[in-house]
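Printed here is run_6.txt (compact mmCIF, C-alpha atoms):
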```
# COMPACT_ATOMS: atom_id res chain seq x y z
CA MET W 88 14.36 -93.02 -3.37
CA THR W 89 14.26 -93.70 -7.07
CA ASP W 90 10.59 -94.37 -7.61
CA GLU W 91 7.43 -92.45 -6.97
CA SER W 92 5.87 -94.92 -4.54
CA SER W 93 8.87 -94.93 -2.19
CA PHE W 94 8.94 -91.13 -2.30
CA GLU W 95 5.24 -91.02 -1.51
CA ALA W 96 5.72 -93.31 1.50
CA PHE W 97 8.62 -91.17 2.75
CA TYR W 98 6.61 -87.99 2.18
CA ARG W 99 3.60 -89.31 4.09
CA GLN W 100 5.85 -90.09 7.06
CA THR W 101 7.79 -86.84 7.11
CA ALA W 102 5.78 -83.99 5.57
CA ALA W 103 3.57 -83.16 8.56
CA PRO W 104 6.40 -83.14 11.16
CA LEU W 105 8.63 -81.20 8.81
CA ARG W 106 5.98 -78.56 8.24
CA ALA W 107 5.27 -78.31 11.97
CA TYR W 108 9.00 -77.74 12.54
CA VAL W 109 9.25 -75.03 9.89
CA VAL W 110 6.03 -73.27 10.89
CA ARG W 111 6.93 -73.16 14.58
CA VAL W 112 10.49 -72.09 13.95
CA ILE W 113 9.81 -69.31 11.46
CA GLY W 114 6.43 -68.41 12.97
CA SER W 115 4.63 -68.05 9.67
CA ALA W 116 2.65 -70.59 7.70
CA THR W 117 2.80 -69.38 4.11
CA PRO W 118 6.58 -69.27 3.63
CA ALA W 119 6.79 -72.49 5.63
CA ASP W 120 4.84 -74.34 2.94
CA ASP W 121 7.21 -73.03 0.28
CA ILE W 122 10.21 -74.11 2.33
CA VAL W 123 8.78 -77.59 2.86
CA GLN W 124 8.09 -78.02 -0.83
CA GLU W 125 11.54 -76.74 -1.79
CA ALA W 126 13.17 -79.14 0.69
CA TYR W 127 11.49 -82.13 -0.98
CA LEU W 128 12.34 -80.85 -4.44
CA ARG W 129 16.00 -80.53 -3.47
CA LEU W 130 15.94 -84.00 -1.98
CA LEU W 131 14.51 -85.41 -5.20
CA ARG W 132 16.78 -83.47 -7.54
CA ALA W 133 19.97 -84.23 -5.65
CA PRO W 134 19.18 -87.41 -3.74
CA PRO W 135 21.76 -88.30 -1.09
CA SER W 136 23.11 -91.84 -1.13
CA ILE W 137 21.40 -92.71 2.14
CA ALA W 138 19.46 -95.94 2.48
CA ASP W 139 18.41 -95.58 6.11
CA PRO W 140 15.02 -93.77 6.29
CA LEU W 141 15.90 -92.18 9.63
CA GLN W 142 19.10 -90.71 8.23
CA ARG W 143 17.22 -89.58 5.16
CA ARG W 144 14.73 -87.86 7.42
CA ALA W 145 17.59 -86.14 9.27
CA TYR W 146 19.01 -85.06 5.93
CA LEU W 147 15.62 -83.60 4.96
CA PHE W 148 15.52 -81.58 8.18
CA ARG W 149 19.03 -80.36 7.46
CA VAL W 150 17.96 -79.17 3.99
CA ALA W 151 14.92 -77.45 5.52
CA SER W 152 17.10 -75.83 8.20
CA ASN W 153 19.36 -74.40 5.48
CA LEU W 154 16.33 -73.07 3.65
CA ILE W 155 15.10 -71.49 6.89
CA HIS W 156 18.43 -69.71 7.22
CA ASP W 157 18.12 -68.45 3.63
CA TYR W 158 14.62 -67.23 4.46
CA TRP W 159 15.87 -65.37 7.53
CA ARG W 160 18.65 -63.77 5.51
CA ARG W 161 16.10 -62.54 2.98
CA GLN W 162 13.82 -61.38 5.77
CA ARG W 163 16.61 -59.43 7.43
CA ARG W 164 17.11 -57.57 4.18
CA GLU W 165 13.44 -56.81 3.70
CA ARG W 166 12.38 -56.45 7.30
CA ASP W 167 10.09 -53.72 8.46
CA ALA W 168 7.35 -53.40 11.01
CA ALA W 169 4.59 -54.27 8.57
CA ASP W 170 6.22 -57.59 7.74
CA ARG W 171 6.36 -58.54 11.39
CA GLU W 172 2.68 -57.75 11.85
CA THR W 173 1.77 -59.88 8.85
CA SER W 174 3.90 -62.68 10.17
CA ALA W 175 2.26 -62.67 13.57
CA ALA W 176 -1.21 -62.61 12.07
CA ASP W 177 -0.35 -65.47 9.78
CA THR W 178 0.87 -67.69 12.56
CA VAL W 179 -2.28 -68.30 14.47
CA THR W 180 -5.92 -67.47 14.33
CA PRO W 181 -7.19 -64.92 16.87
CA ASP W 182 -9.97 -67.19 18.07
CA MET W 183 -7.43 -69.61 19.49
CA PRO W 184 -6.00 -67.89 22.57
CA LEU W 185 -4.06 -70.93 23.74
CA ARG W 186 -2.31 -71.39 20.42
CA LEU W 187 -1.64 -67.70 20.20
CA ASP W 188 -0.17 -67.63 23.65
CA MET W 189 2.01 -70.68 23.10
CA ALA W 190 3.18 -69.55 19.70
CA ARG W 191 4.05 -66.11 21.06
CA THR W 192 5.96 -67.60 23.96
CA PHE W 193 7.93 -69.79 21.57
CA GLU W 194 8.64 -66.83 19.32
CA GLN W 195 10.29 -65.02 22.19
CA LEU W 196 13.18 -67.44 21.82
CA ARG W 197 15.83 -66.54 19.28
CA PRO W 198 15.35 -68.27 15.89
CA GLN W 199 18.23 -70.66 16.42
CA GLN W 200 16.96 -71.47 19.91
CA ARG W 201 13.58 -72.41 18.42
CA GLN W 202 15.32 -74.76 15.99
CA LEU W 203 17.37 -76.33 18.76
CA MET W 204 14.40 -76.81 21.05
CA TRP W 205 12.17 -78.27 18.35
CA LEU W 206 14.77 -80.69 17.06
CA ALA W 207 15.70 -81.81 20.56
CA TYR W 208 12.28 -82.06 22.17
CA VAL W 209 9.88 -82.76 19.33
CA GLU W 210 12.06 -84.58 16.83
CA GLY W 211 14.03 -86.28 19.58
CA ALA W 212 17.30 -85.58 17.78
CA ASP W 213 20.52 -86.07 19.72
CA HIS W 214 23.30 -83.49 19.88
CA ARG W 215 25.16 -84.98 16.93
CA GLU W 216 22.07 -84.91 14.72
CA ILE W 217 21.20 -81.36 15.75
CA ALA W 218 24.76 -80.27 15.05
CA ALA W 219 24.55 -81.80 11.57
CA ALA W 220 21.15 -80.25 10.88
CA LEU W 221 22.12 -76.75 11.95
CA GLY W 222 25.75 -76.70 10.89
CA LEU W 223 27.05 -76.38 14.45
CA ARG W 224 29.64 -78.19 16.50
CA GLU W 225 28.35 -80.90 18.80
CA ARG W 226 29.87 -79.23 21.83
CA SER W 227 28.21 -75.92 20.94
CA VAL W 228 24.84 -77.64 20.66
CA ARG W 229 25.09 -78.77 24.28
CA VAL W 230 25.73 -75.23 25.49
CA LEU W 231 23.23 -73.53 23.20
CA LEU W 232 20.53 -76.03 24.03
CA HIS W 233 21.12 -75.50 27.73
CA ARG W 234 20.73 -71.73 27.29
CA ALA W 235 17.61 -72.13 25.15
CA ARG W 236 16.08 -74.45 27.74
CA ARG W 237 16.87 -72.04 30.53
CA LYS W 238 15.40 -69.13 28.62
CA LEU W 239 12.21 -71.01 27.80
CA ALA W 240 11.87 -72.11 31.42
CA THR W 241 12.21 -68.47 32.51
CA LEU W 242 9.57 -67.41 29.99
CA LEU W 243 7.23 -70.14 31.17
CA ARG W 244 7.67 -69.16 34.82
CA GLN W 245 6.97 -65.51 33.93
CA ARG W 246 3.88 -66.66 32.07
CA GLU W 247 2.70 -68.64 35.08
CA THR W 248 3.30 -65.67 37.36
CA ARG W 249 1.38 -63.36 35.03
CA SER W 250 -1.57 -65.72 34.71
CA GLY W 251 -1.67 -66.09 38.51
CA GLU W 252 -1.91 -62.34 39.07
CA PRO W 253 -5.34 -60.96 40.07
CA ARG W 254 -6.99 -58.93 37.28
CA MET D 46 14.51 -73.83 40.48
CA SER D 47 16.73 -76.80 39.56
CA ASP D 48 17.78 -77.79 36.07
CA THR D 49 15.78 -81.02 36.34
CA ARG D 50 12.64 -79.11 37.20
CA ASP D 51 13.28 -76.70 34.32
CA ASP D 52 13.81 -79.61 31.99
CA GLU D 53 10.55 -81.26 33.03
CA LEU D 54 8.63 -78.01 32.67
CA VAL D 55 10.12 -77.31 29.25
CA ALA D 56 9.71 -80.88 28.00
CA ALA D 57 6.03 -80.93 28.98
CA TRP D 58 5.43 -77.55 27.39
CA MET D 59 7.20 -78.54 24.18
CA ARG D 60 5.07 -81.69 23.96
CA GLU D 61 1.99 -79.52 24.33
CA LEU D 62 3.21 -77.11 21.65
CA ALA D 63 4.01 -79.95 19.26
CA ALA D 64 0.52 -81.40 19.76
CA LEU D 65 -1.16 -78.19 18.64
CA PRO D 66 -2.34 -78.42 15.05
CA VAL D 67 -0.59 -76.17 12.58
CA GLU D 68 -3.05 -73.82 10.93
CA THR D 69 -2.17 -74.11 7.29
CA SER D 70 -3.62 -75.35 4.06
CA PRO D 71 -3.48 -79.09 3.33
CA LEU D 72 -0.09 -80.46 2.39
CA PRO D 73 0.52 -80.69 -1.35
CA ASP D 74 0.06 -84.07 -2.93
CA PRO D 75 3.32 -86.06 -3.11
CA ALA D 76 2.52 -86.88 -6.74
CA TYR D 77 2.57 -83.15 -7.49
CA ILE D 78 5.99 -82.70 -5.89
CA TRP D 79 7.31 -85.77 -7.70
CA TRP D 80 5.97 -84.43 -11.02
CA LYS D 81 7.45 -80.98 -10.37
CA ALA D 82 10.86 -82.47 -9.57
CA GLN D 83 10.75 -84.51 -12.79
CA LEU D 84 9.77 -81.44 -14.78
CA LEU D 85 12.60 -79.36 -13.29
CA GLU D 86 14.97 -82.22 -14.01
CA GLN D 87 13.85 -82.31 -17.65
CA TRP D 88 14.24 -78.55 -18.04
CA GLU D 89 17.70 -78.72 -16.57
CA ALA D 90 18.64 -81.58 -18.91
CA GLN D 91 17.26 -79.64 -21.87
CA ARG D 92 19.13 -76.52 -20.87
CA THR D 93 22.38 -78.48 -20.52
CA ALA D 94 21.86 -80.20 -23.86
CA LEU D 95 21.03 -76.95 -25.66
CA ALA D 96 23.87 -74.92 -24.19
CA PRO D 97 26.48 -75.92 -26.86
CA LEU D 98 23.94 -75.22 -29.60
CA GLU D 99 23.31 -71.76 -28.22
CA TRP D 100 27.02 -71.06 -28.12
CA GLY D 101 27.27 -72.34 -31.67
CA GLU D 102 24.52 -69.98 -32.77
CA ARG D 103 26.24 -67.06 -31.09
CA ALA D 104 29.50 -67.98 -32.79
CA GLN D 105 27.67 -68.18 -36.12
CA VAL D 106 26.24 -64.69 -35.64
CA ALA D 107 29.63 -63.31 -34.64
CA ILE D 108 31.38 -64.95 -37.60
CA GLY D 109 28.67 -63.72 -39.94
CA LEU D 110 28.98 -60.17 -38.68
CA GLY D 111 32.76 -60.36 -38.78
CA GLY D 112 32.67 -61.61 -42.37
CA ALA D 113 30.25 -58.86 -43.35
CA ALA D 114 32.55 -56.29 -41.78
CA VAL D 115 35.55 -57.66 -43.66
CA LEU D 116 33.65 -57.52 -46.93
CA LEU D 117 32.50 -54.00 -46.14
CA ALA D 118 36.02 -52.90 -45.33
CA LEU D 119 37.40 -54.46 -48.52
CA SER D 120 34.70 -53.03 -50.72
CA SER D 121 34.86 -49.56 -49.17
CA PRO D 122 38.54 -48.66 -48.68
CA HIS D 123 37.61 -45.12 -47.72
CA LEU D 124 35.69 -46.26 -44.68
CA PRO D 125 37.85 -45.74 -41.60
CA THR D 126 38.97 -49.04 -40.14
CA ILE D 127 38.36 -48.05 -36.54
CA ALA D 128 34.77 -47.11 -37.26
CA THR D 129 34.22 -50.50 -38.88
CA ALA D 130 35.71 -52.33 -35.90
CA VAL D 131 33.55 -50.39 -33.45
CA LEU D 132 30.49 -51.09 -35.57
CA VAL D 133 31.27 -54.80 -35.74
CA LEU D 134 31.96 -55.11 -32.03
CA THR D 135 28.76 -53.29 -31.14
CA ALA D 136 26.76 -55.49 -33.49
CA ALA D 137 28.33 -58.65 -32.09
CA LEU D 138 27.64 -57.63 -28.50
CA ALA D 139 24.08 -56.67 -29.32
CA ALA D 140 23.55 -59.99 -31.06
CA GLY D 141 24.95 -61.85 -28.05
CA TRP D 142 22.72 -60.02 -25.60
CA TRP D 143 19.74 -60.55 -27.83
CA ARG D 144 20.41 -64.28 -28.04
CA GLN D 145 20.89 -64.45 -24.28
CA SER D 146 17.64 -62.64 -23.60
CA LEU D 147 15.80 -65.00 -25.92
CA SER D 148 17.17 -68.07 -24.17
CA ARG D 149 15.93 -66.89 -20.72
```
Could the structure of this file be written out as structure tokens, please?
Amino acid sequence: MTDESSFEAFYRQTAAPLRAYVVRVIGSATPADDIVQEAYLRLLRAPPSIADPLQRRAYLFRVASNLIHDYWRRQRRERDAADRETSAADTVTPDMPLRLDMARTFEQLRPQQRQLMWLAYVEGADHREIAAALGLRERSVRVLLHRARRKLATLLRQRETRSGEPR
Amino acid sequence: MSDTRDDELVAAWMRELAALPVETSPLPDPAYIWWKAQLLEQWEAQRTALAPLEWGERAQVAIGLGGAAVLLALSSPHLPTIATAVLVLTAALAAGWWRQSLSR
């Protein structure tokens, strides 16, 4: 990616899915935009020697995943109740109950579980790619993904049960 | 509930979640990101190129101060040597910090 037009083509293909990944995983839109922009800047400033666009896309997600971890580390240091409230309000608009409900359900997973689930189910990444993106071992991905899937299934069943209860 | 059923439920729900629009501002223009990367690259190159010059300037200041101290010591034999050394060291450190703060 040595010229502007090839970068633009790559950006048009990857920016929206990358932002969706970051927003859903961290649960907040504003820092997600910063992370997305920083991921592209890092890609441009230290371009990997990868010709295959799919591999380059995987590399971009790996950079973004590292930035997400940095963000979480910072958040852990600064965390307080007010921050969490801001984060929840930033995620979705209150006039969208479905989005709110789905986003909240997804946020009940642990951060790493959200990454695993998104990469596996939305990005269609295989275990090897997920392991590379998240800095895990391939065998661990299998186990962690299974647990994340089981937890989400439990949450969804609880949600169904709750919505089926008479009010 | 079986794993297959869980998997189907989760896969369908994840597809639904992925289809929801993300409520954020429009994505930045790729030309802006490209320009910003170029600009950062240029700044980095400038910083790297100027680094030896900055060190040179610091060395010049230190040598100048050292020379002045030597002259002072030679011209004023009554001045205690230790006091001169402390004065010179303090001045050199202050000059270094000042130069560093200017370069930031």
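Shortest separation to chain D among W:Ile155, W:Ala207, W:Ala212, W:Leu141 occurs at residue W:Ala207, atoms counted being only C-alpha atoms.
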Contacts of chain W with chain D up to 8 Å, shortest pair per row, all atoms listed in the file, as a tab-separated table:
```
residue	atom	partner	partner_atom	distance
W:Glu91	CA	D:Trp79	CA	6.7
W:Phe94	CA	D:Pro75	CA	7.6
W:Glu95	CA	D:Pro75	CA	5.6
W:Tyr98	CA	D:Pro75	CA	6.5
W:Arg99	CA	D:Pro75	CA	7.9
W:Ala102	CA	D:Leu72	CA	7.6
W:Ala103	CA	D:Leu72	CA	7.7
W:Ala107	CA	D:Val67	CA	6.3
W:Val110	CA	D:Val67	CA	7.4
W:Ala116	CA	D:Thr69	CA	6.0
W:Thr117	CA	D:Thr69	CA	7.6
W:Asp120	CA	D:Leu72	CA	7.9
W:Gln124	CA	D:Ile78	CA	7.2
W:Tyr127	CA	D:Ile78	CA	7.4
W:Leu128	CA	D:Ala82	CA	5.6
W:Leu131	CA	D:Ala82	CA	6.4
W:Arg132	CA	D:Ala82	CA	6.3
W:Thr178	CA	D:Glu68	CA	7.5
W:Val179	CA	D:Glu68	CA	6.6
W:Thr180	CA	D:Glu68	CA	7.8
W:Arg186	CA	D:Leu65	CA	7.1
W:Met189	CA	D:Leu62	CA	6.7
W:Ala190	CA	D:Leu62	CA	7.8
W:Trp205	CA	D:Met59	CA	7.7
W:Tyr208	CA	D:Ala56	CA	6.5
W:Val209	CA	D:Ala63	CA	6.5
W:Arg236	CA	D:Val55	CA	6.8
W:Arg237	CA	D:Asp51	CA	7.0
W:Leu239	CA	D:Val55	CA	6.8
W:Ala240	CA	D:Asp51	CA	5.6
W:Leu243	CA	D:Val55	CA	8.0
```
Spatial neighbours of segment 218-230 of chain W, max dist 12 Å, all atoms listed in the file, sep filter under 5 positions, as an NGL selection string: :W and (142-156 or 198-207 or 210 or 212-213 or 235-237)
The centre and edge lengths of an axis-aligned box containing all atoms of segment 49-53 of chain D present in the file, extended by 8 Å on each side, are to be given in Å to one decimal, as lines of an AutoDock Vina configuration file.
```
center_x = 13.2
center_y = -79.0
center_z = 34.6
size_x = 21.2
size_y = 20.6
size_z = 21.2
```
Contact residues around segment 128-141 of chain D with all atoms listed in the file at 10 Å, ignoring same-chain residues under 4 positions, as a list in words: Trp100, Glu102, Arg103, Ala104, Val106, Ala107, Ile108, Gly109, Leu110, Gly111, Gly112, Ala113, Ala114, Val115, Leu117, Ala118, Leu124, Gln145, Ser146 and Leu147 of chain D
Distance in Å - atom CA of Asp157 of chain W versus atom CA of Arg191 of chain W: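 These atoms are spaced 22.5 Å apart.
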Closest of W:Arg160, W:Glu194, W:Pro135, W:Arg215 to Ser115 of chain W - atom-to-atom distances counting only C-alpha atoms: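 Closest to Ser115 of chain W of all the choices is W:Glu194.
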Two-atom distance - atom CA of Arg129 of chain W, atom CA of Asp90 of chain W (Å): 15.4 Å
Distance in Å - atom CA of Thr241 of chain W versus atom CA of Thr192 of chain W: 10.6 Å
Selected residue of minimal separation from Gln162 of chain W among W:Ser93, W:Pro118, W:Gly211, W:Leu242, counting all atoms listed in the file: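 Going through W:Ser93, W:Pro118, W:Gly211, W:Leu242 one by one, the smallest distance to Gln162 of chain W is for W:Pro118.
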